[in-house]
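Here the structure is laid out as structure tokens; the discussion comes afterwards.
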Amino acid sequence: MELGRRRGLRFAALGTLLAVIGLPAYADDPSPSTSQPPPASVTDVNRSLEQLQAEAAAVQADFAKATIAYTKALKDAQAAEAAAKKAESTATTSRGKADEERRRLGVLTAQAYQLGIPTVMGTESMLWSLAPVAENLQEIADRQTAITQLGSTQVAQYRTAMAAESESNRLKGEAAAKRAAANQAAAKAQELSKQVQQQAADATASMANQAADLDVASALSQQLQKARNQQALSRWQAYLTELTTTKITPPAAAVLKNPNKLPAGLAPLTRRGAAVPGVASVAVAGRTVRVMSAEAIRAVNQAFSLVGKPYGVAATGPDKYGCLGAARVAWEPYTTLPNLVSKVYPDYQAVPNAQIEPGDLLVMGSKSLGLVHIGVALDNGEMIAADEAKGAVVVTTVPDNLYAALRPTLGAPAKPQVPPAATSDAYAFRCGNTATSYDVGTGAWTWPLPDGTYEIGTPFGQSGSMWSTGFHTGQDFPAAIGTPVRAVTSGVVRVEHPAWAGNLVRIDHGNGLETLYAHLSRVDVTDGQQVTAGQQIGAVGSEGNSTGPHLHFEVRLGGDPVNPMPFLATGSASTGWGGYSNGMIPAGKLCAIGGGQMLRCDAAAAYLQMAGAYRAQFGKSLCITDSYRSYTAQVDLYQRKPSLAALPGTSNHGWGVAVDLCGGIDKYNTPQYLWMKAHAGNYGWLHPGWAEQGGNREEPWHWEFGKPPSA
């Protein structure tokens with residue numbers, strides 16, 4: 001791919017957009033506008049930042065594959081070396097035992113020779129036995145005892161010595177074979193090490209090229225978001241204009257609740273043959289025009305008035321808005337939403353997804369995660385929501401993890417609606433933000449196909465027109481039809497048959513984590529079945545949109561597809577934040593904390609508060625050695641310390657939410673370390689379990705930004 005050419009195209013696209021897009025201020029009650037709509041080509045370049053993210057993910061996946069192979073080869077080499085050393089030690093011990101048995105036989109033979117006792121052994125055997133003890137012939141003292149013993153033990157000792165010699169030779173040969181295998185494994189690991197070094201150099205160069213694009217792409221993304229906001233507003237204004245031409249005043253919500261008892265002149269609005277409650281229609285010049293309630297129209301108008309406002313965790317305005325704060329303002333004063341998304345769900349009537357109308361409250365989440373996000377519905381599969389990843393109230397696509405649509409104008413639900421219980425991981429998916437990292441425990445995963453049965457195919461993030469998203473959302477494993485497909489870890493099964501996948505098994509592992517197995521020739525599990533790691537769930541096929549037999553494997557966090565390879569390599573992974581890849585966040589999106597160190601802005605604010613408290617206690621500043629770590633820096637560290645550093649692209653340093661501290665905090669049980677343990681949590685900073693004393697890797701200096709106390 002020609003990065004330079006793409007960069008030129010992005011610069012040109014940005015210049016075009018800056019020249020033609022003029023965005024009006026959002027009014028409280030938008031009226032029909034004659035402003036020029038954004039250029040039609042906006043959707044063509046809307047993937048600019050997303051494309052960069054996909055390209056970065058593909059580079060990271062490629063490097064992950066190389067490191068996985070190298071790590072496995074290194075472990076195999078270490079195991080082979082240990083086996084060879086053990087075999088060599090055993091062979092040495094056996095050789096010593098054989099020599100000792102031979103020495104004993106030699107003594108007996110020498111005694112027999114001196115005493116003139118006949119021997120059953122031939123001359124050659126006698127010489128073989130005498131060789132190691134010839135110098136000790138004069139040491140034989142007790143002639144009478146020797147005569148007595150020789151008669152009963154000489155032949156038995158000969159057999160013992162011969163057996164020991166044979167076993168020694170066998171073990172020597174086995175040790176030689178294992179040494180050869182160890183040398184071969186070491187050579188393979190060395191070769192793969194060179195490949196990893198080359199991959200590291202290639203990844204570094206590729207990321208350096210992409211880094212030059214990021215600031216431009218970020219600015220372009222903001223312009224494109226404004227264009228999308230404007231397009232949605234223009235469509236909404238066009239609807240209001242169309243409604244005005246019907247000369248029908250939007251009625252109160254109460255009179256539209258029952259589609260069978262509508263005011264004169266209004267007819268039910270149908271979707272897929274079913275009447276939609278809370279909405280009506282009217283026929284004008286052969287066209288059907290939707291008639292919404294006055295309350296729903298006002299809610300959408302108010303939601304548009306918030307578009308562009310900055311995002312703030314749990315903020316309720318007027319300067320910043322959290323996801324619930326924006327939805328609450330949209331529906332006031334008609335109704336006041338509860339203070340938690342989970343409490344909104346039981347209070348308002350849910351409607352089928354096929355009947356979603358503008359103004360509906362859309363709640364996102366899952367049964368295993370809880371409800372994590374809320375937005376105000378628009379047409380065209382869009383909604384208005386305060387989006388943490390985008391840092392503002394924006395028009396955005398309704399995500400795949402839509403849990404339910406609620407219509408406030410219908411009042412309380414006819415039947416109880418019980419929300420899913422929130423888990424400890426729900427916070428990581430708040431307000432449209434995807435978790436920056438997810439730990440499933442090292443070694444907790446098995447690979448979806450047995451060793452030796454598959455190849456590594458199309459990686460996650462590869463771009464192409466054959467995918468509806470514009471990039472590959474999983475990792476392909478070419479394999480023969482019928483190859484067993486296994487669950488990578490335990491969870492609950494859902495069997496689906498979408499056109500693209502043919503036969504699909506989706507496994508919910510809880511806390512927002514899912515895995516998908518597509519194109520199966522056979523499904524061996526049923527809906528609702530609990531499966532365990534390694535359990536067979538189906539067989540490789542080529543069903544659906546497939547170019548040949550393979551398994552398409554996906555990992556999804558909170559409904560978003562993420563790179564599966566780091567999960568398979570390490571049992572944990574990191575994914576997107578704010579549209580950027582791990583270690584590829586522009587400096588303009590980070591905040592300084594002094595000394596040239598940078599963090600994600602919410603983490604930086606909390607860090608500075610913590611640093612102030614630390615200074616008040618110890619009279620000196622927090623000592624810090626590392627914060628945000630670019631992907632290039634992660635690769636460099638991994639090259640130097642592969643046993644200590646995280647796999648590049650998975651480090652929380654790459655999200656700007658981790659720091660390495662010094663000045664006493666870098667040692668367990670010092671006053672500074674104990675102060676951090678006692679107080680860091682008050683500022684949202686945590687010492688991860690794996691870094692604790694006695695954990696997987698003892699790192700007293702490593703701290704991560706977790707859940708702020710205000711959440």
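Following the order of the structure tokens, first chain is A, next is B, and so on, with residues numbered from 1 inside each chain and ligands from 1 in the order they appear.
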
Write out as a tab-separated table the residues of segment 586-663 of chain A that have any atom within 12 Å of an atom of segment 391-412 of chain A, one row each with the nearest atom pair and its distance in Å to one decimal, counting only C-alpha atoms, sorted by chain and then rising number.
```
residue	atom	partner	partner_atom	distance
A:Lys589	CA	A:Gly391	CA	10.1
A:Arg600	CA	A:Gly391	CA	11.9
A:Cys601	CA	A:Gly391	CA	10.8
A:Asp602	CA	A:Gly391	CA	11.2
```

Alpha helix (DSSP H) residues, from DSSP on the backbone, in segment 303-456 of chain A, as a PyMOL selection string: chain A and resi 303-306+323-331+341-344

How would the residues just chosen look if you wrote them out with all heavy atoms as a CSV table (one decimal), in the first residue's frame?
```csv
chain,number,residue,atom,x,y,z
A,303,ALA,N,-32.3,17.4,21.8
A,303,ALA,CA,-31.1,16.5,21.7
A,303,ALA,C,-30.2,17.2,20.6
A,303,ALA,O,-29.0,17.2,20.9
A,303,ALA,CB,-31.5,15.1,21.2
A,304,PHE,N,-30.7,17.7,19.5
A,304,PHE,CA,-29.9,18.3,18.6
A,304,PHE,C,-29.2,19.6,19.1
A,304,PHE,O,-28.1,20.0,18.7
A,304,PHE,CB,-30.7,18.7,17.3
A,304,PHE,CG,-30.7,17.6,16.2
A,304,PHE,CD1,-31.8,16.9,15.9
A,304,PHE,CD2,-29.5,17.3,15.6
A,304,PHE,CE1,-31.8,15.9,14.9
A,304,PHE,CE2,-29.5,16.3,14.6
A,304,PHE,CZ,-30.6,15.7,14.3
A,305,SER,N,-29.9,20.3,20.0
A,305,SER,CA,-29.3,21.5,20.6
A,305,SER,C,-28.1,21.2,21.5
A,305,SER,O,-27.3,22.1,21.7
A,305,SER,CB,-30.4,22.2,21.5
A,305,SER,OG,-30.6,21.5,22.7
A,306,LEU,N,-27.9,19.9,21.9
A,306,LEU,CA,-26.8,19.5,22.7
A,306,LEU,C,-25.6,19.1,21.8
A,306,LEU,O,-24.5,18.9,22.3
A,306,LEU,CB,-27.1,18.4,23.7
A,306,LEU,CG,-28.3,18.7,24.6
A,306,LEU,CD1,-28.5,17.5,25.5
A,306,LEU,CD2,-28.0,20.0,25.5
A,323,CYS,N,-23.5,10.5,29.1
A,323,CYS,CA,-24.5,9.9,28.2
A,323,CYS,C,-25.9,10.0,28.8
A,323,CYS,O,-26.9,10.4,28.1
A,323,CYS,CB,-24.2,8.5,27.9
A,323,CYS,SG,-23.9,7.4,29.3
A,324,LEU,N,-26.1,9.8,30.1
A,324,LEU,CA,-27.4,9.8,30.7
A,324,LEU,C,-27.8,11.3,30.9
A,324,LEU,O,-29.0,11.6,30.7
A,324,LEU,CB,-27.4,9.2,32.1
A,324,LEU,CG,-28.7,9.1,32.8
A,324,LEU,CD1,-29.7,8.3,31.9
A,324,LEU,CD2,-28.6,8.4,34.1
A,325,GLY,N,-26.9,12.2,31.1
A,325,GLY,CA,-27.2,13.6,31.2
A,325,GLY,C,-27.8,14.2,30.0
A,325,GLY,O,-28.8,15.0,30.0
A,326,ALA,N,-27.2,13.8,28.8
A,326,ALA,CA,-27.7,14.3,27.5
A,326,ALA,C,-29.1,13.7,27.3
A,326,ALA,O,-30.0,14.5,26.8
A,326,ALA,CB,-26.8,13.9,26.4
A,327,ALA,N,-29.4,12.5,27.6
A,327,ALA,CA,-30.7,11.9,27.3
A,327,ALA,C,-31.7,12.5,28.3
A,327,ALA,O,-32.9,12.7,27.9
A,327,ALA,CB,-30.6,10.4,27.6
A,328,ARG,N,-31.3,12.8,29.5
A,328,ARG,CA,-32.2,13.4,30.5
A,328,ARG,C,-32.7,14.8,30.0
A,328,ARG,O,-33.9,15.1,30.0
A,328,ARG,CB,-31.6,13.5,31.9
A,328,ARG,CG,-32.5,14.1,32.9
A,328,ARG,CD,-31.9,14.2,34.3
A,328,ARG,NE,-31.7,13.0,34.9
A,328,ARG,CZ,-30.5,12.5,35.3
A,328,ARG,NH1,-29.4,13.2,35.1
A,328,ARG,NH2,-30.4,11.3,35.9
A,329,VAL,N,-31.7,15.6,29.6
A,329,VAL,CA,-32.0,16.9,29.1
A,329,VAL,C,-33.0,16.9,27.9
A,329,VAL,O,-33.9,17.7,27.8
A,329,VAL,CB,-30.8,17.7,28.8
A,329,VAL,CG1,-31.1,19.0,28.1
A,329,VAL,CG2,-30.0,18.0,30.1
A,330,ALA,N,-32.7,15.9,27.0
A,330,ALA,CA,-33.6,15.8,25.8
A,330,ALA,C,-35.0,15.6,26.2
A,330,ALA,O,-35.9,16.2,25.5
A,330,ALA,CB,-33.1,14.7,24.9
A,331,TRP,N,-35.3,14.8,27.2
A,331,TRP,CA,-36.7,14.5,27.5
A,331,TRP,C,-37.3,15.4,28.6
A,331,TRP,O,-38.5,15.1,29.0
A,331,TRP,CB,-36.8,13.0,27.8
A,331,TRP,CG,-37.0,12.2,26.6
A,331,TRP,CD1,-36.1,11.5,25.9
A,331,TRP,CD2,-38.2,12.1,25.9
A,331,TRP,NE1,-36.6,10.9,24.8
A,331,TRP,CE2,-38.0,11.2,24.8
A,331,TRP,CE3,-39.5,12.5,26.1
A,331,TRP,CZ2,-39.0,10.9,23.8
A,331,TRP,CZ3,-40.5,12.2,25.2
A,331,TRP,CH2,-40.2,11.4,24.0
A,341,VAL,N,-28.7,4.3,34.1
A,341,VAL,CA,-29.3,3.7,32.9
A,341,VAL,C,-30.1,2.5,33.2
A,341,VAL,O,-31.2,2.2,32.7
A,341,VAL,CB,-28.2,3.4,31.8
A,341,VAL,CG1,-28.8,2.7,30.6
A,341,VAL,CG2,-27.5,4.6,31.4
A,342,SER,N,-29.6,1.7,34.2
A,342,SER,CA,-30.3,0.5,34.6
A,342,SER,C,-31.7,0.8,35.2
A,342,SER,O,-32.6,0.0,35.1
A,342,SER,CB,-29.5,-0.3,35.5
A,342,SER,OG,-29.2,0.4,36.7
A,343,LYS,N,-31.8,2.0,35.8
A,343,LYS,CA,-33.1,2.4,36.3
A,343,LYS,C,-34.1,3.0,35.3
A,343,LYS,O,-35.3,3.0,35.5
A,343,LYS,CB,-32.9,3.4,37.5
A,343,LYS,CG,-32.2,2.8,38.7
A,343,LYS,CD,-32.1,3.8,39.8
A,343,LYS,CE,-31.4,3.3,41.0
A,343,LYS,NZ,-31.2,4.3,42.1
A,344,VAL,N,-33.5,3.4,34.2
A,344,VAL,CA,-34.4,3.9,33.1
A,344,VAL,C,-35.2,2.7,32.5
A,344,VAL,O,-36.4,2.9,32.1
A,344,VAL,CB,-33.5,4.6,32.0
A,344,VAL,CG1,-34.4,5.0,30.8
A,344,VAL,CG2,-32.8,5.8,32.6
```

Shell around Ala283 of chain A at 10 Å using only C-alpha atoms, local window under 4 positions removed, as a list of chain:residue names: A:Thr246, A:Gly265, A:Leu266, A:Ala267, A:Arg287, A:Thr288, A:Val289, A:Arg290

Coordinates-based distance that separates atom CA of Phe429 of chain A from atom CA of Thr473 of chain A (Å, one decimal): 19.0 Å

Atom-to-atom span, atom CA of His687 of chain A and atom CA of Trp675 of chain A, Å: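 Those two atoms sit 12.1 Å apart.
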
Residues near segment 167-181 of chain A, cut-off 9 Å, only C-alpha atoms, skip fewer than 5 positions along chain, as a PDB file with N, CA, C and O atoms, in the first residue's frame:
```
ATOM      1  N   ALA A  77      12.136 -24.682  22.740  1.00  0.00           N
ATOM      2  CA  ALA A  77      13.591 -24.798  22.847  1.00  0.00           C
ATOM      3  C   ALA A  77      14.019 -24.955  24.297  1.00  0.00           C
ATOM      4  O   ALA A  77      14.911 -25.755  24.616  1.00  0.00           O
ATOM      5  N   ALA A  80      13.108 -28.443  25.321  1.00  0.00           N
ATOM      6  CA  ALA A  80      14.024 -29.410  24.707  1.00  0.00           C
ATOM      7  C   ALA A  80      15.392 -29.365  25.371  1.00  0.00           C
ATOM      8  O   ALA A  80      16.022 -30.409  25.591  1.00  0.00           O
ATOM      9  N   GLU A  81      15.865 -28.171  25.705  1.00  0.00           N
ATOM     10  CA  GLU A  81      17.156 -28.038  26.376  1.00  0.00           C
ATOM     11  C   GLU A  81      17.112 -28.688  27.757  1.00  0.00           C
ATOM     12  O   GLU A  81      18.049 -29.399  28.156  1.00  0.00           O
ATOM     13  N   ALA A  83      15.106 -31.107  28.657  1.00  0.00           N
ATOM     14  CA  ALA A  83      15.035 -32.560  28.459  1.00  0.00           C
ATOM     15  C   ALA A  83      16.397 -33.125  28.103  1.00  0.00           C
ATOM     16  O   ALA A  83      16.789 -34.203  28.576  1.00  0.00           O
ATOM     17  N   ALA A  84      17.153 -32.396  27.263  1.00  0.00           N
ATOM     18  CA  ALA A  84      18.481 -32.869  26.875  1.00  0.00           C
ATOM     19  C   ALA A  84      19.417 -32.908  28.078  1.00  0.00           C
ATOM     20  O   ALA A  84      20.155 -33.890  28.280  1.00  0.00           O
ATOM     21  N   LYS A  85      19.389 -31.863  28.894  1.00  0.00           N
ATOM     22  CA  LYS A  85      20.253 -31.836  30.079  1.00  0.00           C
ATOM     23  C   LYS A  85      19.887 -32.946  31.052  1.00  0.00           C
ATOM     24  O   LYS A  85      20.768 -33.585  31.655  1.00  0.00           O
ATOM     25  N   LYS A  86      18.593 -33.174  31.207  1.00  0.00           N
ATOM     26  CA  LYS A  86      18.168 -34.238  32.109  1.00  0.00           C
ATOM     27  C   LYS A  86      18.626 -35.597  31.589  1.00  0.00           C
ATOM     28  O   LYS A  86      19.119 -36.443  32.349  1.00  0.00           O
ATOM     29  N   ALA A  87      18.475 -35.795  30.262  1.00  0.00           N
ATOM     30  CA  ALA A  87      18.893 -37.069  29.665  1.00  0.00           C
ATOM     31  C   ALA A  87      20.404 -37.245  29.779  1.00  0.00           C
ATOM     32  O   ALA A  87      20.894 -38.343  30.061  1.00  0.00           O
ATOM     33  N   GLU A  88      21.147 -36.158  29.570  1.00  0.00           N
ATOM     34  CA  GLU A  88      22.605 -36.238  29.671  1.00  0.00           C
ATOM     35  C   GLU A  88      23.037 -36.524  31.102  1.00  0.00           C
ATOM     36  O   GLU A  88      23.975 -37.295  31.352  1.00  0.00           O
ATOM     37  N   SER A  89      22.356 -35.930  32.054  1.00  0.00           N
ATOM     38  CA  SER A  89      22.665 -36.194  33.462  1.00  0.00           C
ATOM     39  C   SER A  89      22.370 -37.652  33.814  1.00  0.00           C
ATOM     40  O   SER A  89      23.164 -38.322  34.493  1.00  0.00           O
ATOM     41  N   THR A  90      21.203 -38.125  33.326  1.00  0.00           N
ATOM     42  CA  THR A  90      20.840 -39.525  33.580  1.00  0.00           C
ATOM     43  C   THR A  90      21.834 -40.472  32.935  1.00  0.00           C
ATOM     44  O   THR A  90      22.240 -41.488  33.521  1.00  0.00           O
ATOM     45  N   ALA A  91      22.275 -40.132  31.704  1.00  0.00           N
ATOM     46  CA  ALA A  91      23.247 -40.972  31.004  1.00  0.00           C
ATOM     47  C   ALA A  91      24.579 -40.993  31.733  1.00  0.00           C
ATOM     48  O   ALA A  91      25.238 -42.040  31.840  1.00  0.00           O
ATOM     49  N   THR A  92      24.987 -39.841  32.259  1.00  0.00           N
ATOM     50  CA  THR A  92      26.243 -39.767  33.004  1.00  0.00           C
ATOM     51  C   THR A  92      26.176 -40.626  34.262  1.00  0.00           C
ATOM     52  O   THR A  92      27.112 -41.377  34.597  1.00  0.00           O
ATOM     53  N   THR A  93      25.050 -40.520  34.972  1.00  0.00           N
ATOM     54  CA  THR A  93      24.865 -41.333  36.176  1.00  0.00           C
ATOM     55  C   THR A  93      24.884 -42.823  35.834  1.00  0.00           C
ATOM     56  O   THR A  93      25.495 -43.634  36.533  1.00  0.00           O
ATOM     57  N   SER A  94      24.202 -43.152  34.727  1.00  0.00           N
ATOM     58  CA  SER A  94      24.151 -44.550  34.306  1.00  0.00           C
ATOM     59  C   SER A  94      25.537 -45.056  33.904  1.00  0.00           C
ATOM     60  O   SER A  94      25.905 -46.204  34.179  1.00  0.00           O
ATOM     61  N   ARG A  95      26.320 -44.185  33.250  1.00  0.00           N
ATOM     62  CA  ARG A  95      27.681 -44.577  32.861  1.00  0.00           C
ATOM     63  C   ARG A  95      28.518 -44.874  34.103  1.00  0.00           C
ATOM     64  O   ARG A  95      29.280 -45.852  34.154  1.00  0.00           O
ATOM     65  N   GLY A  96      28.329 -44.036  35.131  1.00  0.00           N
ATOM     66  CA  GLY A  96      29.066 -44.269  36.366  1.00  0.00           C
ATOM     67  C   GLY A  96      28.671 -45.570  37.030  1.00  0.00           C
ATOM     68  O   GLY A  96      29.527 -46.315  37.549  1.00  0.00           O
ATOM     69  N   LYS A  97      27.350 -45.852  36.975  1.00  0.00           N
ATOM     70  CA  LYS A  97      26.878 -47.100  37.564  1.00  0.00           C
ATOM     71  C   LYS A  97      27.430 -48.301  36.794  1.00  0.00           C
ATOM     72  O   LYS A  97      27.848 -49.304  37.389  1.00  0.00           O
ATOM     73  N   ALA A  98      27.428 -48.193  35.449  1.00  0.00           N
ATOM     74  CA  ALA A  98      27.961 -49.299  34.631  1.00  0.00           C
ATOM     75  C   ALA A  98      29.443 -49.517  34.908  1.00  0.00           C
ATOM     76  O   ALA A  98      29.923 -50.666  35.003  1.00  0.00           O
ATOM     77  N   MET A 162      26.929 -56.422  32.487  1.00  0.00           N
ATOM     78  CA  MET A 162      26.536 -56.317  31.087  1.00  0.00           C
ATOM     79  C   MET A 162      25.225 -55.546  30.936  1.00  0.00           C
ATOM     80  O   MET A 162      25.057 -54.733  30.013  1.00  0.00           O
ATOM     81  N   ALA A 186      16.627 -24.884  19.324  1.00  0.00           N
ATOM     82  CA  ALA A 186      17.318 -23.619  19.573  1.00  0.00           C
ATOM     83  C   ALA A 186      17.573 -22.875  18.266  1.00  0.00           C
ATOM     84  O   ALA A 186      17.434 -21.650  18.192  1.00  0.00           O
TER      85      ALA A 186
END
```

Near-Gln639 of chain A list (9 Å; only C-alpha atoms; drop same-chain fewer than 6 positions) as an MDAnalysis selection string: chainID A and resid 196:197 200 645

Go ahead and save the residues from that selection, with N, CA and C atoms, as a tab-separated table (two decimals), in the first residue's frame.
```tsv
chain	number	residue	atom	x	y	z
A	196	VAL	N	11.35	-11.98	14.21
A	196	VAL	CA	10.70	-11.02	15.09
A	196	VAL	C	11.42	-9.68	15.06
A	197	GLN	N	12.75	-9.76	15.04
A	197	GLN	CA	13.52	-8.52	14.96
A	197	GLN	C	13.18	-7.76	13.68
A	200	ALA	N	9.72	-6.41	13.95
A	200	ALA	CA	9.75	-5.24	14.83
A	200	ALA	C	10.19	-4.00	14.06
A	645	ALA	N	8.20	-7.25	29.27
A	645	ALA	CA	7.33	-6.28	28.62
A	645	ALA	C	6.07	-6.94	28.09
```
